[in-house]
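The next block holds one structure in the form of structure tokens; read it before the comments.
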Amino acid sequence: MSASPSTAAEPRAGSGGTPGAPPVRATRGAAKRRSSAIRGGERLAGYAFMIPWIIGTAILTIGPMAWSLYLSFTDYHLIRGGEWIGLDNYTAVFNDPMFYRAVRVTLLYVVLAVPVKLVASLAVAMLLSQRRRGMSFYRAAFYMPSLIAMSVGVALIWKALFANGGVQDRFMGVFGWDGGGFLGNPSVSILMLVLLAVWSFGAPMVIFLAGLMQVPQELYEAADVDGAGKWHKFVRITLPMLSPVIFFNVLMETVGAFQVFGSAYIIGGESGSPAWSTLFYTVRIYTLAFTDFRMGYASAYAWLLVLAVGLVTAVMFRAAKRLVFYAGEDK
């Protein structure tokens, strides 16, 4: 018996569609190919947008770094050139008394400036995190000094303020200061630069402020129910919840403190006056490279700084595994 017309017109099992339509498997394959083509086009567009950045990084960053690494193994002079001398520059650095002076001044600055600046920025951020009228104005006002702190003009004004007979001298005279200014006293001159760093706490303050805004208020409300005081809430809630932000700020400010140059050079000069008390490591590198024209020796100095900062960063990241708390993490 022949099949009925209605039976013959039905699609076979597994064809997955109406009569005359392409199979489902073929349709899905075409969709995947179109999606893959779209993703490939987006990837190529992304690489195209990255090309200027990659070229700029290669020419302006990686290239000069590689060249300076090569120069550190030569006695290259900016005018007469040089030749390969191996590790002699590095050996000479560790026999250079000015190297140890620059290291001592830089480490002292890092140890003093970074903690004081972060404590001040966190304290101000906690004040500015309150929901009161006019806080937007105060936030902008406290952030403004960080926009101009590293400028030449501010450094010159700072130098005049702390010079002999300056505003600082007259103010301290009320409390029995014998004069001379910070600028002329080797034992306290570094404090002038520390105060300049603390005055420009705007950037870490804004980051702390953003972190404070993300702390769940339910934690403070629960602490209030338990009768916790302000100090207990600060130690048990605020600091742990802010630990990732604190780590970021400590890392960035520490790396930045090792690289301070502009204000130190303008205030203390190439010799780090008075009595080498403001001879920062970066100032020493600049003097060797662009005053003495000893580019090879200066490059050795610079790469030792790179290694030191890298070592400090690695230690900080290792310590962060035990000290930094991330929300949702079980510790």
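By convention here, the chains of the structure tokens are called A, B, ... in the order presented, each chain's residues are numbered starting at 1, and ligands are numbered starting at 1 in the order presented.
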Next on the checklist: Which residues are near A:Trp303? Cut-off 12 Å, only C-alpha atoms, ignore same chain within fewer than 2 positions. Put them as a ChimeraX atom specification.
Outcome noted: /A:65-73,89-90,93,281-282,285,296-301,305-310
Could you save the residues just selected, with N, CA and C atoms, as an mmCIF file, in the first residue's frame?
data_model
loop_
_atom_site.group_PDB
_atom_site.id
_atom_site.type_symbol
_atom_site.label_atom_id
_atom_site.label_comp_id
_atom_site.auth_asym_id
_atom_site.auth_seq_id
_atom_site.Cartn_x
_atom_site.Cartn_y
_atom_site.Cartn_z
ATOM 1 N N MET A 65 65.062 51.883 28.234
ATOM 2 C CA MET A 65 65.462 51.013 29.339
ATOM 3 C C MET A 65 66.533 50.015 28.893
ATOM 4 N N ALA A 66 66.323 49.423 27.723
ATOM 5 C CA ALA A 66 67.314 48.470 27.215
ATOM 6 C C ALA A 66 68.655 49.165 26.941
ATOM 7 N N TRP A 67 68.598 50.383 26.402
ATOM 8 C CA TRP A 67 69.825 51.126 26.116
ATOM 9 C C TRP A 67 70.551 51.500 27.398
ATOM 10 N N SER A 68 69.801 51.919 28.422
ATOM 11 C CA SER A 68 70.442 52.271 29.688
ATOM 12 C C SER A 68 71.039 51.044 30.360
ATOM 13 N N LEU A 69 70.401 49.889 30.208
ATOM 14 C CA LEU A 69 70.978 48.658 30.766
ATOM 15 C C LEU A 69 72.308 48.340 30.084
ATOM 16 N N TYR A 70 72.366 48.539 28.778
ATOM 17 C CA TYR A 70 73.631 48.319 28.064
ATOM 18 C C TYR A 70 74.683 49.324 28.522
ATOM 19 N N LEU A 71 74.269 50.599 28.658
ATOM 20 C CA LEU A 71 75.227 51.623 29.063
ATOM 21 C C LEU A 71 75.796 51.362 30.450
ATOM 22 N N SER A 72 75.024 50.690 31.309
ATOM 23 C CA SER A 72 75.508 50.446 32.665
ATOM 24 C C SER A 72 76.718 49.518 32.692
ATOM 25 N N PHE A 73 76.972 48.838 31.593
ATOM 26 C CA PHE A 73 78.145 47.957 31.499
ATOM 27 C C PHE A 73 79.260 48.589 30.674
ATOM 28 N N ASN A 89 81.316 49.389 36.618
ATOM 29 C CA ASN A 89 80.487 50.489 37.123
ATOM 30 C C ASN A 89 79.802 50.112 38.429
ATOM 31 N N TYR A 90 79.294 48.899 38.503
ATOM 32 C CA TYR A 90 78.602 48.466 39.714
ATOM 33 C C TYR A 90 79.579 48.319 40.880
ATOM 34 N N VAL A 93 80.215 51.813 42.102
ATOM 35 C CA VAL A 93 79.089 52.380 42.849
ATOM 36 C C VAL A 93 79.186 52.018 44.323
ATOM 37 N N TYR A 281 68.623 60.123 45.887
ATOM 38 C CA TYR A 281 69.233 59.199 44.939
ATOM 39 C C TYR A 281 69.015 59.651 43.498
ATOM 40 N N THR A 282 67.820 60.127 43.189
ATOM 41 C CA THR A 282 67.537 60.576 41.824
ATOM 42 C C THR A 282 68.334 61.824 41.468
ATOM 43 N N ILE A 285 71.730 60.648 40.473
ATOM 44 C CA ILE A 285 71.722 60.114 39.109
ATOM 45 C C ILE A 285 71.754 61.244 38.088
ATOM 46 N N GLY A 296 77.246 55.994 31.585
ATOM 47 C CA GLY A 296 77.358 54.593 31.978
ATOM 48 C C GLY A 296 77.267 54.422 33.478
ATOM 49 N N TYR A 297 77.981 55.257 34.211
ATOM 50 C CA TYR A 297 77.971 55.190 35.670
ATOM 51 C C TYR A 297 76.591 55.549 36.213
ATOM 52 N N ALA A 298 75.966 56.576 35.638
ATOM 53 C CA ALA A 298 74.621 56.965 36.057
ATOM 54 C C ALA A 298 73.614 55.857 35.768
ATOM 55 N N SER A 299 73.778 55.145 34.671
ATOM 56 C CA SER A 299 72.876 54.034 34.349
ATOM 57 C C SER A 299 73.007 52.909 35.369
ATOM 58 N N ALA A 300 74.209 52.662 35.825
ATOM 59 C CA ALA A 300 74.391 51.657 36.881
ATOM 60 C C ALA A 300 73.662 52.075 38.148
ATOM 61 N N TYR A 301 73.771 53.346 38.510
ATOM 62 C CA TYR A 301 73.010 53.884 39.638
ATOM 63 C C TYR A 301 71.509 53.637 39.441
ATOM 64 N N LEU A 305 68.600 51.258 41.504
ATOM 65 C CA LEU A 305 67.343 51.771 42.041
ATOM 66 C C LEU A 305 66.171 50.914 41.560
ATOM 67 N N VAL A 306 66.194 50.515 40.292
ATOM 68 C CA VAL A 306 65.137 49.650 39.765
ATOM 69 C C VAL A 306 65.078 48.334 40.535
ATOM 70 N N LEU A 307 66.237 47.746 40.781
ATOM 71 C CA LEU A 307 66.281 46.484 41.517
ATOM 72 C C LEU A 307 65.785 46.671 42.952
ATOM 73 N N ALA A 308 66.175 47.778 43.588
ATOM 74 C CA ALA A 308 65.758 48.022 44.968
ATOM 75 C C ALA A 308 64.245 48.206 45.056
ATOM 76 N N VAL A 309 63.672 49.001 44.153
ATOM 77 C CA VAL A 309 62.228 49.217 44.161
ATOM 78 C C VAL A 309 61.489 47.918 43.846
ATOM 79 N N GLY A 310 62.022 47.131 42.917
ATOM 80 C CA GLY A 310 61.405 45.848 42.616
ATOM 81 C C GLY A 310 61.422 44.909 43.813
#
Checklist entry - DSSP on the backbone: what in stretch 74-254 of chain A comes out alpha helix (DSSP H), as an MDAnalysis selection string? => result chainID A and resid 88:94 97:128 135:143 145:148 152:161 167:173 189:199 202:213 217:225 230:233 239:254
Using 10 Å as the limit and counting only C-alpha atoms, can you tabulate each residue of stretch 59-129 of chain A that touches stretch 191-214 of chain A, with its shortest atom-to-atom distance in Å and the two atoms involved, as a tab-separated table?
residue	atom	partner	partner_atom	distance
A:Leu108	CA	A:Val194	CA	9.7
A:Tyr109	CA	A:Val194	CA	6.7
A:Val110	CA	A:Val194	CA	8.8
A:Val111	CA	A:Val194	CA	9.9
A:Leu112	CA	A:Val194	CA	6.8
A:Ala113	CA	A:Val194	CA	5.0
A:Val114	CA	A:Val198	CA	8.2
A:Pro115	CA	A:Val198	CA	9.4
A:Val116	CA	A:Val198	CA	6.7
A:Lys117	CA	A:Val198	CA	4.5
A:Leu118	CA	A:Pro204	CA	7.0
A:Val119	CA	A:Val198	CA	9.4
A:Ala120	CA	A:Val198	CA	7.3
A:Ser121	CA	A:Met205	CA	4.5
A:Leu122	CA	A:Met205	CA	6.1
A:Ala123	CA	A:Met205	CA	8.5
A:Val124	CA	A:Met205	CA	7.0
A:Ala125	CA	A:Leu209	CA	5.0
A:Met126	CA	A:Leu209	CA	7.0
A:Leu127	CA	A:Leu209	CA	9.3
A:Leu128	CA	A:Leu209	CA	7.4
A:Ser129	CA	A:Leu209	CA	6.2
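Of the residues listed (A:Gly181, A:Pro216, A:Gly134, A:Pro186), A:Pro186 shows the shortest atom-to-atom separation from A:Leu279; distances use only C-alpha atoms.
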May I have the residues within 12 Å of A:Arg80 as a short mmCIF file (atom, residue, chain, number, x, y, z; two decimals) with N, CA and C atoms, in the first residue's frame, using only C-alpha atoms and disregarding those fewer than 5 positions away in the same chain?
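part_14.cif, freshly written:
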data_model
loop_
_atom_site.label_atom_id
_atom_site.label_comp_id
_atom_site.auth_asym_id
_atom_site.auth_seq_id
_atom_site.Cartn_x
_atom_site.Cartn_y
_atom_site.Cartn_z
N ASP A 75 81.77 52.41 30.02
CA ASP A 75 82.22 53.67 30.63
C ASP A 75 81.79 54.84 29.75
N PHE A 293 78.33 64.04 32.85
CA PHE A 293 78.22 63.33 31.56
C PHE A 293 78.68 61.88 31.62
N ARG A 294 78.64 61.28 32.79
CA ARG A 294 79.04 59.87 32.96
C ARG A 294 77.78 59.00 32.85
N MET A 295 77.34 58.80 31.62
CA MET A 295 76.07 58.13 31.38
C MET A 295 76.12 56.66 31.80
#
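Each of A:Ile267, A:Ile246, A:Leu78, A:Ile62 was checked against A:Ala155 using only C-alpha atoms; the smallest atom-to-atom distance is that of A:Ile267.
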Item to check | Long-range neighbours of A:Glu270 as a list in words, 10 Å cut-off, only C-alpha atoms, 5 positions minimum in chain | outcome: Ala264, Tyr265, Trp276, Thr278, Leu279, Phe280, Val283, Arg284, Ile285, Tyr286, Thr287, Leu288 and Thr291 of chain A
Hey, can you spit out that residue selection with N, CA and C atoms as a short mmCIF file (atom, residue, chain, number, x, y, z; two decimals), in the first residue's frame?
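This is the output file again.cif:
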data_model
loop_
_atom_site.label_atom_id
_atom_site.label_comp_id
_atom_site.auth_asym_id
_atom_site.auth_seq_id
_atom_site.Cartn_x
_atom_site.Cartn_y
_atom_site.Cartn_z
N ALA A 264 63.22 68.04 45.29
CA ALA A 264 64.53 67.86 45.93
C ALA A 264 65.62 68.61 45.18
N TYR A 265 65.55 68.58 43.86
CA TYR A 265 66.59 69.24 43.05
C TYR A 265 66.48 70.76 43.18
N TRP A 276 74.82 67.88 52.05
CA TRP A 276 74.30 66.65 51.44
C TRP A 276 73.06 66.11 52.13
N THR A 278 69.99 66.81 51.61
CA THR A 278 68.88 66.62 50.68
C THR A 278 69.37 66.00 49.37
N LEU A 279 70.47 65.25 49.45
CA LEU A 279 71.01 64.58 48.26
C LEU A 279 70.22 63.30 48.02
N PHE A 280 69.13 63.40 47.31
CA PHE A 280 68.32 62.23 47.00
C PHE A 280 69.01 61.39 45.93
N VAL A 283 68.56 62.69 42.45
CA VAL A 283 69.39 63.87 42.20
C VAL A 283 70.82 63.45 41.88
N ARG A 284 71.32 62.46 42.59
CA ARG A 284 72.66 61.94 42.32
C ARG A 284 72.75 61.37 40.91
N ILE A 285 71.73 60.65 40.47
CA ILE A 285 71.72 60.11 39.11
C ILE A 285 71.75 61.24 38.09
N TYR A 286 70.94 62.26 38.31
CA TYR A 286 70.90 63.40 37.38
C TYR A 286 72.26 64.08 37.31
N THR A 287 72.89 64.29 38.44
CA THR A 287 74.19 64.97 38.46
C THR A 287 75.23 64.18 37.69
N LEU A 288 75.26 62.88 37.91
CA LEU A 288 76.23 62.04 37.20
C LEU A 288 75.99 62.05 35.69
N THR A 291 75.52 66.46 34.47
CA THR A 291 76.54 67.42 34.87
C THR A 291 77.93 66.86 34.62
#
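One distance worth recording is that between atom CA of A:Leu239 and atom CA of A:Tyr138, which is 23.5 Å.
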Item to check | Residue nearest A:Ala102 among A:Tyr47, A:Phe290, A:Gly272, A:Met241 (counting only C-alpha atoms) | outcome: A:Gly272
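You can rank A:Ile266, A:Ile237, A:Val250, A:Ala275 by their closest distance to A:Val188 using only C-alpha atoms, and at the top of that list sits A:Ala275.
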Next on the checklist: Please extract the residues of stretch 63-311 of chain A with a backbone DSSP assignment of strand (DSSP E or B) and present them as a count of residues only.
Outcome noted: 4
Checklist entry - A:Ala320: which residues within 9 Å, counting only C-alpha atoms, same-chain residues fewer than 5 positions away excluded, as a ChimeraX atom specification? => result /A:243-244,247,315,325
Pull N, CA and C atoms from the residues just selected and write them as a PDB file, in the first residue's frame.
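Final output, saved to selection-v1.pdb:
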ATOM      1  N   SER A 243      41.793  47.527  53.950  1.00  0.00           N
ATOM      2  CA  SER A 243      43.145  46.983  53.775  1.00  0.00           C
ATOM      3  C   SER A 243      43.588  46.905  52.311  1.00  0.00           C
ATOM      4  N   PRO A 244      42.725  46.541  51.333  1.00  0.00           N
ATOM      5  CA  PRO A 244      43.188  46.587  49.935  1.00  0.00           C
ATOM      6  C   PRO A 244      43.548  47.993  49.480  1.00  0.00           C
ATOM      7  N   PHE A 247      46.821  49.007  51.161  1.00  0.00           N
ATOM      8  CA  PHE A 247      47.948  48.369  50.478  1.00  0.00           C
ATOM      9  C   PHE A 247      48.284  49.091  49.174  1.00  0.00           C
ATOM     10  N   VAL A 315      58.449  42.284  48.312  1.00  0.00           N
ATOM     11  CA  VAL A 315      58.250  42.040  49.750  1.00  0.00           C
ATOM     12  C   VAL A 315      56.865  42.514  50.183  1.00  0.00           C
ATOM     13  N   PHE A 325      42.831  42.053  53.569  1.00  0.00           N
ATOM     14  CA  PHE A 325      41.568  41.324  53.613  1.00  0.00           C
ATOM     15  C   PHE A 325      40.697  41.780  52.440  1.00  0.00           C
TER      16      PHE A 325
END
